[in-house]
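Peer 1: Sharing a structure below in structure tokens format, with a few things to ask.
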Amino acid sequence: MSIQNPTRDEIKTILKKAKRIAVIGLSDQPERTSHSVSKAMQDAGYEIIPVNPNVREVLGQKAYPSLKDVEGHIDIVNVFRRSEFLPGIAKEFTEVNADVFWAQLGVYNEQAYEYLKEKGYTVIMDRCIKVEHAMTK
């Protein structure tokens with residue numbers, strides 16, 4: 001795998017600066033990892049924006065059918081979808097005003113990574129945002 005994530009210090013800086021996290025694939029089912037991770041980040045003070053066409057609301061926040069429907073600046077797009085969906089999500093990511101593309105633990109795709117890096121984006125793949133946040137304390 002040729003994916004090079006930012007260093008731990010760089011990730012710490014990203015998480016300290018970020019305020020709004022759009023979560024693609026955020027489930028409204030509490031037993032799902034996307035839900036528990038997003039709840040932990042919400043409890044840590046981040047604004048969580050659910051992006052899932054199949055739900056209306058998650059964690060008390062209005063859900064959006066796609067990234068393009070989210071209003072305002074997005075600091076981090078956190079992806080909870082299978083790896084094969086990353087190229088399409090990466091393309092949509094480049095069409096919105098977002099800073100960091102973050103694919104959760106176990107989720108990575110070299111094609112999506114190369115596409116985003118060539119465009120100059122910060123890309124993190126195969127890392128859990130909740131675990132990384134806990135390490136910044």
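Please note that chains go A, B, ... in the order of the structure tokens, that every chain numbers its residues from 1, and that ligands are numbered from 1 in the order shown.
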Could you give me, as JSON lines, every segment 104-137 of chain A residue with an atom at most 10 Å from segment 20-44 of chain A, plus its closest atom pair and distance in Å to one decimal, counting only C-alpha atoms, rows ordered by chain then number?

Peer 2:
```
{"residue": "A:Gln104", "atom": "CA", "partner": "A:Ser34", "partner_atom": "CA", "distance": 9.0}
{"residue": "A:Cys128", "atom": "CA", "partner": "A:Val37", "partner_atom": "CA", "distance": 8.3}
{"residue": "A:Ile129", "atom": "CA", "partner": "A:Val37", "partner_atom": "CA", "distance": 7.6}
{"residue": "A:Lys130", "atom": "CA", "partner": "A:Val37", "partner_atom": "CA", "distance": 5.8}
{"residue": "A:Val131", "atom": "CA", "partner": "A:Val37", "partner_atom": "CA", "distance": 8.9}
{"residue": "A:His133", "atom": "CA", "partner": "A:Met41", "partner_atom": "CA", "distance": 8.1}
{"residue": "A:Ala134", "atom": "CA", "partner": "A:Ala44", "partner_atom": "CA", "distance": 9.7}
```

Peer 1: Given the selection you just returned, output its residues as a file containing C-alpha atoms, formatted as a PDB file, in the first residue's frame.

Peer 2:
```pdb
ATOM      1  CA  GLN A 104     -11.985   5.191   8.755  1.00  0.00           C
ATOM      2  CA  CYS A 128      -9.985   5.790  13.361  1.00  0.00           C
ATOM      3  CA  ILE A 129     -10.690   9.459  14.080  1.00  0.00           C
ATOM      4  CA  LYS A 130     -11.848   8.633  17.627  1.00  0.00           C
ATOM      5  CA  VAL A 131      -8.590   6.782  18.404  1.00  0.00           C
ATOM      6  CA  HIS A 133      -8.417  12.178  18.848  1.00  0.00           C
ATOM      7  CA  ALA A 134      -7.875  10.249  22.089  1.00  0.00           C
TER       8      ALA A 134
END
```

Peer 1: Using 9 Å as the limit and counting only C-alpha atoms, can you tabulate each residue of segment 9-70 of chain A that touches segment 86-100 of chain A, with its shortest atom-to-atom distance in Å and the two atoms involved, as a tab-separated table?

Peer 2:
```
residue	atom	partner	partner_atom	distance
A:Ile14	CA	A:Val100	CA	8.2
A:Ile24	CA	A:Ile89	CA	8.8
A:Ser66	CA	A:Glu92	CA	8.7
A:Leu67	CA	A:Glu92	CA	7.0
A:Lys68	CA	A:Val96	CA	6.1
A:Val70	CA	A:Val96	CA	8.6
```

Peer 1: Write out as a compact mmCIF listing (two decimals) with all heavy atoms, in the first residue's frame all residues of chain A that DSSP puts in helix (DSSP H, G or I) for this structure's backbone.

Peer 2:
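Final output, saved to out.txt:
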```txt
# COMPACT_ATOMS: atom_id res chain seq x y z
N ARG A 8 1.65 11.75 13.19
CA ARG A 8 0.78 11.90 14.37
C ARG A 8 0.67 13.37 14.77
O ARG A 8 -0.40 13.83 15.14
CB ARG A 8 1.32 11.09 15.55
CG ARG A 8 1.29 9.60 15.33
CD ARG A 8 -0.06 9.02 15.65
NE ARG A 8 0.02 7.57 15.65
CZ ARG A 8 -0.89 6.78 15.12
NH1 ARG A 8 -1.93 7.29 14.55
NH2 ARG A 8 -0.75 5.48 15.15
N ASP A 9 1.78 14.10 14.70
CA ASP A 9 1.74 15.54 15.05
C ASP A 9 0.86 16.32 14.08
O ASP A 9 0.11 17.20 14.49
CB ASP A 9 3.15 16.14 15.07
CG ASP A 9 3.93 15.76 16.33
OD1 ASP A 9 3.29 15.31 17.31
OD2 ASP A 9 5.16 15.92 16.32
N GLU A 10 0.95 15.98 12.79
CA GLU A 10 0.12 16.66 11.80
C GLU A 10 -1.36 16.33 12.03
O GLU A 10 -2.22 17.21 11.93
CB GLU A 10 0.54 16.25 10.38
CG GLU A 10 1.88 16.84 9.97
CD GLU A 10 2.46 16.21 8.71
OE1 GLU A 10 2.17 15.03 8.41
OE2 GLU A 10 3.23 16.89 8.03
N ILE A 11 -1.66 15.08 12.36
CA ILE A 11 -3.04 14.68 12.64
C ILE A 11 -3.56 15.42 13.88
O ILE A 11 -4.69 15.89 13.90
CB ILE A 11 -3.16 13.14 12.79
CG1 ILE A 11 -2.97 12.48 11.42
CG2 ILE A 11 -4.50 12.75 13.43
CD1 ILE A 11 -2.91 10.96 11.46
N LYS A 12 -2.71 15.54 14.88
CA LYS A 12 -3.08 16.28 16.09
C LYS A 12 -3.44 17.73 15.76
O LYS A 12 -4.45 18.26 16.22
CB LYS A 12 -1.90 16.24 17.08
CG LYS A 12 -2.17 16.85 18.42
CD LYS A 12 -0.96 16.64 19.34
CE LYS A 12 -1.24 17.16 20.72
NZ LYS A 12 -0.14 16.88 21.64
N THR A 13 -2.66 18.37 14.90
CA THR A 13 -2.92 19.75 14.46
C THR A 13 -4.25 19.83 13.70
O THR A 13 -5.04 20.75 13.93
CB THR A 13 -1.76 20.26 13.60
OG1 THR A 13 -0.56 20.22 14.37
CG2 THR A 13 -2.00 21.68 13.12
N ILE A 14 -4.48 18.87 12.81
CA ILE A 14 -5.74 18.83 12.04
C ILE A 14 -6.93 18.76 13.00
O ILE A 14 -7.90 19.51 12.87
CB ILE A 14 -5.74 17.61 11.08
CG1 ILE A 14 -4.76 17.85 9.93
CG2 ILE A 14 -7.15 17.32 10.55
CD1 ILE A 14 -4.41 16.60 9.14
N LEU A 15 -6.85 17.88 13.98
CA LEU A 15 -7.96 17.68 14.90
C LEU A 15 -8.16 18.88 15.84
O LEU A 15 -9.29 19.17 16.23
CB LEU A 15 -7.78 16.39 15.71
CG LEU A 15 -7.97 15.11 14.89
CD1 LEU A 15 -7.55 13.89 15.68
CD2 LEU A 15 -9.40 14.98 14.42
N LYS A 16 -7.09 19.55 16.19
CA LYS A 16 -7.20 20.74 17.04
C LYS A 16 -7.87 21.90 16.29
O LYS A 16 -8.62 22.68 16.86
CB LYS A 16 -5.83 21.17 17.56
CG LYS A 16 -5.35 20.31 18.71
CD LYS A 16 -4.28 21.02 19.50
CE LYS A 16 -3.72 20.20 20.63
NZ LYS A 16 -4.68 19.52 21.45
N LYS A 17 -7.59 22.01 14.99
CA LYS A 17 -8.11 23.10 14.17
C LYS A 17 -9.55 22.86 13.73
O LYS A 17 -10.33 23.79 13.57
CB LYS A 17 -7.19 23.25 12.95
CG LYS A 17 -7.24 24.62 12.30
CD LYS A 17 -6.24 24.69 11.16
CE LYS A 17 -6.95 24.38 9.87
NZ LYS A 17 -6.22 24.52 8.67
N THR A 33 -20.57 1.21 14.35
CA THR A 33 -19.33 1.92 14.65
C THR A 33 -19.41 3.39 14.26
O THR A 33 -18.95 4.26 15.00
CB THR A 33 -18.14 1.24 13.92
OG1 THR A 33 -18.12 -0.13 14.28
CG2 THR A 33 -16.83 1.89 14.30
N SER A 34 -20.01 3.68 13.09
CA SER A 34 -20.09 5.08 12.65
C SER A 34 -20.82 5.93 13.68
O SER A 34 -20.47 7.08 13.92
CB SER A 34 -20.79 5.18 11.29
OG SER A 34 -22.15 4.76 11.37
N HIS A 35 -21.83 5.35 14.31
CA HIS A 35 -22.63 6.08 15.30
C HIS A 35 -21.81 6.32 16.58
O HIS A 35 -21.75 7.45 17.07
CB HIS A 35 -23.91 5.29 15.62
CG HIS A 35 -24.91 6.06 16.41
ND1 HIS A 35 -24.81 6.21 17.78
CD2 HIS A 35 -26.02 6.75 16.04
CE1 HIS A 35 -25.83 6.94 18.21
NE2 HIS A 35 -26.57 7.28 17.17
N SER A 36 -21.19 5.28 17.10
CA SER A 36 -20.44 5.43 18.36
C SER A 36 -19.23 6.35 18.20
O SER A 36 -18.94 7.17 19.08
CB SER A 36 -20.03 4.07 18.93
OG SER A 36 -19.24 3.35 18.02
N VAL A 37 -18.53 6.23 17.07
CA VAL A 37 -17.37 7.10 16.83
C VAL A 37 -17.83 8.55 16.69
O VAL A 37 -17.24 9.46 17.28
CB VAL A 37 -16.59 6.63 15.58
CG1 VAL A 37 -15.60 7.69 15.12
CG2 VAL A 37 -15.87 5.32 15.86
N SER A 38 -18.89 8.78 15.92
CA SER A 38 -19.38 10.15 15.72
C SER A 38 -19.92 10.74 17.02
O SER A 38 -19.74 11.93 17.29
CB SER A 38 -20.46 10.16 14.63
OG SER A 38 -19.90 9.76 13.41
N LYS A 39 -20.58 9.93 17.83
CA LYS A 39 -21.08 10.39 19.13
C LYS A 39 -19.92 10.83 20.01
O LYS A 39 -19.98 11.88 20.66
CB LYS A 39 -21.89 9.28 19.80
CG LYS A 39 -22.30 9.56 21.23
CD LYS A 39 -23.68 10.18 21.31
CE LYS A 39 -24.21 10.29 22.72
NZ LYS A 39 -23.69 11.44 23.45
N ALA A 40 -18.85 10.05 20.02
CA ALA A 40 -17.67 10.40 20.82
C ALA A 40 -17.07 11.72 20.35
O ALA A 40 -16.68 12.56 21.16
CB ALA A 40 -16.63 9.28 20.74
N MET A 41 -17.02 11.92 19.03
CA MET A 41 -16.47 13.17 18.49
C MET A 41 -17.40 14.34 18.80
O MET A 41 -16.95 15.44 19.12
CB MET A 41 -16.22 13.04 16.99
CG MET A 41 -15.18 11.98 16.62
SD MET A 41 -13.59 12.15 17.48
CE MET A 41 -12.93 13.57 16.61
N GLN A 42 -18.71 14.11 18.74
CA GLN A 42 -19.69 15.14 19.10
C GLN A 42 -19.52 15.51 20.58
O GLN A 42 -19.49 16.69 20.94
CB GLN A 42 -21.10 14.63 18.82
CG GLN A 42 -22.18 15.68 18.98
CD GLN A 42 -23.57 15.10 18.72
OE1 GLN A 42 -23.95 14.10 19.33
NE2 GLN A 42 -24.30 15.71 17.81
N ASP A 43 -19.37 14.50 21.42
CA ASP A 43 -19.18 14.73 22.86
C ASP A 43 -17.89 15.49 23.14
O ASP A 43 -17.77 16.18 24.15
CB ASP A 43 -19.19 13.40 23.64
CG ASP A 43 -20.57 12.74 23.65
OD1 ASP A 43 -21.57 13.41 23.30
OD2 ASP A 43 -20.63 11.55 24.01
N LEU A 67 -22.75 15.06 0.18
CA LEU A 67 -21.84 16.13 0.62
C LEU A 67 -22.23 17.46 0.00
O LEU A 67 -22.12 18.51 0.65
CB LEU A 67 -20.41 15.80 0.18
CG LEU A 67 -19.49 15.08 1.14
CD1 LEU A 67 -18.11 14.94 0.51
CD2 LEU A 67 -19.42 15.76 2.48
N LYS A 68 -22.65 17.43 -1.26
CA LYS A 68 -22.98 18.67 -1.97
C LYS A 68 -24.16 19.41 -1.34
O LYS A 68 -24.33 20.60 -1.57
CB LYS A 68 -23.30 18.37 -3.43
CG LYS A 68 -22.09 17.94 -4.22
CD LYS A 68 -22.49 17.71 -5.67
CE LYS A 68 -21.64 16.64 -6.27
NZ LYS A 68 -22.13 16.09 -7.49
N ASP A 69 -24.96 18.71 -0.54
CA ASP A 69 -26.12 19.32 0.10
C ASP A 69 -25.78 20.04 1.41
O ASP A 69 -26.59 20.78 1.95
CB ASP A 69 -27.20 18.27 0.36
CG ASP A 69 -27.72 17.67 -0.94
OD1 ASP A 69 -28.10 18.44 -1.84
OD2 ASP A 69 -27.73 16.43 -1.05
N SER A 83 -14.34 0.42 1.04
CA SER A 83 -13.21 0.96 0.27
C SER A 83 -13.53 1.18 -1.21
O SER A 83 -13.06 2.16 -1.80
CB SER A 83 -11.99 0.04 0.39
OG SER A 83 -11.58 -0.05 1.75
N GLU A 84 -14.35 0.30 -1.81
CA GLU A 84 -14.61 0.44 -3.25
C GLU A 84 -15.41 1.70 -3.58
O GLU A 84 -15.45 2.13 -4.72
CB GLU A 84 -15.29 -0.80 -3.83
CG GLU A 84 -16.65 -1.10 -3.26
CD GLU A 84 -16.64 -2.16 -2.16
OE1 GLU A 84 -15.62 -2.30 -1.45
OE2 GLU A 84 -17.67 -2.85 -2.03
N PHE A 85 -16.04 2.31 -2.58
CA PHE A 85 -16.80 3.53 -2.82
C PHE A 85 -15.93 4.80 -2.74
O PHE A 85 -16.39 5.88 -3.10
CB PHE A 85 -17.96 3.66 -1.82
CG PHE A 85 -19.02 2.62 -1.99
CD1 PHE A 85 -19.21 1.63 -1.05
CD2 PHE A 85 -19.84 2.61 -3.13
CE1 PHE A 85 -20.19 0.66 -1.21
CE2 PHE A 85 -20.82 1.65 -3.30
CZ PHE A 85 -21.00 0.67 -2.33
N LEU A 86 -14.71 4.66 -2.30
CA LEU A 86 -13.86 5.85 -2.09
C LEU A 86 -13.59 6.68 -3.35
O LEU A 86 -13.60 7.91 -3.26
CB LEU A 86 -12.55 5.48 -1.40
CG LEU A 86 -12.67 5.08 0.08
CD1 LEU A 86 -11.28 4.83 0.66
CD2 LEU A 86 -13.41 6.11 0.89
N PRO A 87 -13.34 6.07 -4.53
CA PRO A 87 -13.10 6.93 -5.70
C PRO A 87 -14.26 7.89 -5.99
O PRO A 87 -14.04 9.07 -6.26
CB PRO A 87 -12.87 5.93 -6.83
CG PRO A 87 -12.28 4.73 -6.14
CD PRO A 87 -13.05 4.66 -4.83
N GLY A 88 -15.48 7.41 -5.93
CA GLY A 88 -16.64 8.28 -6.16
C GLY A 88 -16.79 9.34 -5.09
O GLY A 88 -17.10 10.51 -5.37
N ILE A 89 -16.56 8.94 -3.84
CA ILE A 89 -16.65 9.90 -2.73
C ILE A 89 -15.54 10.94 -2.85
O ILE A 89 -15.76 12.13 -2.59
CB ILE A 89 -16.59 9.15 -1.38
CG1 ILE A 89 -17.82 8.25 -1.22
CG2 ILE A 89 -16.50 10.15 -0.22
CD1 ILE A 89 -17.73 7.25 -0.08
N ALA A 90 -14.35 10.51 -3.27
CA ALA A 90 -13.23 11.44 -3.46
C ALA A 90 -13.58 12.50 -4.51
O ALA A 90 -13.28 13.68 -4.34
CB ALA A 90 -11.97 10.68 -3.86
N LYS A 91 -14.23 12.08 -5.58
CA LYS A 91 -14.62 13.02 -6.63
C LYS A 91 -15.60 14.04 -6.07
O LYS A 91 -15.46 15.24 -6.29
CB LYS A 91 -15.22 12.28 -7.82
CG LYS A 91 -15.56 13.20 -8.98
CD LYS A 91 -16.05 12.42 -10.18
CE LYS A 91 -16.33 13.29 -11.38
NZ LYS A 91 -16.86 14.61 -11.12
N GLU A 92 -16.61 13.57 -5.33
CA GLU A 92 -17.58 14.48 -4.74
C GLU A 92 -16.90 15.42 -3.73
O GLU A 92 -17.21 16.60 -3.67
CB GLU A 92 -18.70 13.70 -4.05
CG GLU A 92 -19.82 14.59 -3.55
CD GLU A 92 -20.97 13.84 -2.90
OE1 GLU A 92 -20.91 12.60 -2.78
OE2 GLU A 92 -21.91 14.52 -2.48
N PHE A 93 -15.94 14.90 -2.99
CA PHE A 93 -15.18 15.69 -2.01
C PHE A 93 -14.53 16.91 -2.68
O PHE A 93 -14.52 18.00 -2.13
CB PHE A 93 -14.12 14.80 -1.36
CG PHE A 93 -13.17 15.52 -0.45
CD1 PHE A 93 -13.47 15.71 0.89
CD2 PHE A 93 -11.95 16.00 -0.93
CE1 PHE A 93 -12.58 16.36 1.73
CE2 PHE A 93 -11.07 16.66 -0.10
CZ PHE A 93 -11.39 16.84 1.24
N GLU A 110 -6.17 3.10 -3.06
CA GLU A 110 -5.03 3.82 -3.63
C GLU A 110 -5.43 4.76 -4.76
O GLU A 110 -4.88 5.85 -4.88
CB GLU A 110 -3.96 2.83 -4.10
CG GLU A 110 -3.26 2.18 -2.93
CD GLU A 110 -2.02 1.40 -3.33
OE1 GLU A 110 -1.30 1.85 -4.24
OE2 GLU A 110 -1.77 0.36 -2.72
N GLN A 111 -6.41 4.37 -5.56
CA GLN A 111 -6.87 5.22 -6.66
C GLN A 111 -7.43 6.54 -6.10
O GLN A 111 -7.09 7.62 -6.58
CB GLN A 111 -7.94 4.49 -7.47
CG GLN A 111 -8.53 5.29 -8.60
CD GLN A 111 -9.74 4.59 -9.23
OE1 GLN A 111 -10.03 3.43 -8.95
NE2 GLN A 111 -10.45 5.32 -10.07
N ALA A 112 -8.28 6.45 -5.07
CA ALA A 112 -8.85 7.65 -4.46
C ALA A 112 -7.75 8.48 -3.79
O ALA A 112 -7.74 9.71 -3.90
CB ALA A 112 -9.91 7.26 -3.43
N TYR A 113 -6.81 7.80 -3.14
CA TYR A 113 -5.70 8.49 -2.48
C TYR A 113 -4.89 9.30 -3.49
O TYR A 113 -4.64 10.49 -3.30
CB TYR A 113 -4.82 7.47 -1.76
CG TYR A 113 -3.59 8.08 -1.13
CD1 TYR A 113 -3.65 8.70 0.12
CD2 TYR A 113 -2.37 8.05 -1.79
CE1 TYR A 113 -2.52 9.26 0.69
CE2 TYR A 113 -1.23 8.61 -1.22
CZ TYR A 113 -1.32 9.22 0.02
OH TYR A 113 -0.21 9.79 0.57
N GLU A 114 -4.47 8.66 -4.58
CA GLU A 114 -3.66 9.33 -5.60
C GLU A 114 -4.42 10.51 -6.21
O GLU A 114 -3.85 11.58 -6.43
CB GLU A 114 -3.24 8.35 -6.70
CG GLU A 114 -2.32 7.23 -6.23
CD GLU A 114 -0.98 7.71 -5.71
OE1 GLU A 114 -0.54 8.81 -6.09
OE2 GLU A 114 -0.38 6.99 -4.89
N TYR A 115 -5.69 10.31 -6.50
CA TYR A 115 -6.53 11.35 -7.09
C TYR A 115 -6.56 12.60 -6.19
O TYR A 115 -6.36 13.72 -6.67
CB TYR A 115 -7.95 10.79 -7.29
CG TYR A 115 -8.98 11.79 -7.74
CD1 TYR A 115 -9.04 12.20 -9.07
CD2 TYR A 115 -9.91 12.31 -6.85
CE1 TYR A 115 -10.00 13.11 -9.50
CE2 TYR A 115 -10.87 13.23 -7.27
CZ TYR A 115 -10.91 13.62 -8.59
OH TYR A 115 -11.85 14.52 -9.01
N LEU A 116 -6.77 12.40 -4.91
CA LEU A 116 -6.85 13.53 -3.98
C LEU A 116 -5.49 14.17 -3.73
O LEU A 116 -5.38 15.40 -3.64
CB LEU A 116 -7.48 13.07 -2.66
CG LEU A 116 -8.96 12.71 -2.75
CD1 LEU A 116 -9.42 12.01 -1.48
CD2 LEU A 116 -9.81 13.94 -3.02
N LYS A 117 -4.45 13.36 -3.61
CA LYS A 117 -3.11 13.90 -3.37
C LYS A 117 -2.64 14.75 -4.56
O LYS A 117 -2.04 15.80 -4.38
CB LYS A 117 -2.10 12.78 -3.08
CG LYS A 117 -2.28 12.10 -1.74
CD LYS A 117 -2.28 13.03 -0.56
CE LYS A 117 -0.89 13.47 -0.17
NZ LYS A 117 -0.86 14.32 1.04
N GLU A 118 -2.96 14.29 -5.78
CA GLU A 118 -2.58 15.05 -6.98
C GLU A 118 -3.24 16.43 -6.99
O GLU A 118 -2.71 17.37 -7.56
CB GLU A 118 -2.99 14.28 -8.24
CG GLU A 118 -2.06 13.14 -8.58
CD GLU A 118 -2.59 12.26 -9.71
OE1 GLU A 118 -3.54 12.67 -10.41
OE2 GLU A 118 -2.04 11.15 -9.88
N ILE A 129 -10.75 8.08 13.60
CA ILE A 129 -10.69 9.46 14.08
C ILE A 129 -10.84 9.54 15.60
O ILE A 129 -10.20 10.36 16.25
CB ILE A 129 -11.72 10.34 13.35
CG1 ILE A 129 -11.38 11.82 13.49
CG2 ILE A 129 -13.14 10.00 13.78
CD1 ILE A 129 -12.16 12.73 12.55
N LYS A 130 -11.65 8.65 16.18
CA LYS A 130 -11.85 8.63 17.63
C LYS A 130 -10.55 8.24 18.35
O LYS A 130 -10.17 8.86 19.33
CB LYS A 130 -12.98 7.65 17.97
CG LYS A 130 -13.25 7.52 19.45
CD LYS A 130 -14.37 6.50 19.67
CE LYS A 130 -14.41 6.02 21.11
NZ LYS A 130 -15.30 4.89 21.28
N VAL A 131 -9.87 7.22 17.83
CA VAL A 131 -8.59 6.78 18.40
C VAL A 131 -7.54 7.88 18.27
O VAL A 131 -6.82 8.21 19.21
CB VAL A 131 -8.10 5.47 17.73
CG1 VAL A 131 -6.68 5.14 18.13
CG2 VAL A 131 -9.04 4.32 18.07
N GLU A 132 -7.47 8.48 17.07
CA GLU A 132 -6.50 9.56 16.86
C GLU A 132 -6.79 10.74 17.78
O GLU A 132 -5.86 11.34 18.33
CB GLU A 132 -6.51 10.00 15.39
CG GLU A 132 -6.09 8.93 14.41
CD GLU A 132 -4.65 8.46 14.59
OE1 GLU A 132 -3.78 9.28 14.94
OE2 GLU A 132 -4.40 7.26 14.38
N HIS A 133 -8.05 11.08 17.95
CA HIS A 133 -8.42 12.18 18.85
C HIS A 133 -8.02 11.87 20.28
O HIS A 133 -7.49 12.73 20.99
CB HIS A 133 -9.92 12.48 18.75
CG HIS A 133 -10.32 13.62 19.60
ND1 HIS A 133 -10.89 13.46 20.84
CD2 HIS A 133 -10.24 14.97 19.41
CE1 HIS A 133 -11.12 14.64 21.39
NE2 HIS A 133 -10.74 15.57 20.53
N ALA A 134 -8.23 10.65 20.72
CA ALA A 134 -7.87 10.25 22.09
C ALA A 134 -6.36 10.38 22.31
O ALA A 134 -5.92 10.71 23.42
CB ALA A 134 -8.33 8.81 22.35
N MET A 135 -5.59 10.16 21.25
CA MET A 135 -4.13 10.25 21.35
C MET A 135 -3.64 11.69 21.43
O MET A 135 -2.49 11.95 21.77
CB MET A 135 -3.47 9.54 20.18
CG MET A 135 -3.71 8.04 20.22
SD MET A 135 -3.12 7.20 18.73
CE MET A 135 -1.36 7.37 18.91
```

Peer 1: In Å, how far is it from atom CA of Ala63 of chain A to atom CA of Asn5 of chain A?

Peer 2: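 Rounded to one decimal, the two atoms are 28.6 Å apart.
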
Peer 1: For each of A:Asn109, A:Arg81, A:Val123, A:Glu47, take the minimum atom-to-atom distance to Leu59 of chain A, counting only C-alpha atoms, then give the residue where this is smallest.

Peer 2: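 Residue with the minimum atom-to-atom distance to Leu59 of chain A: A:Glu47.
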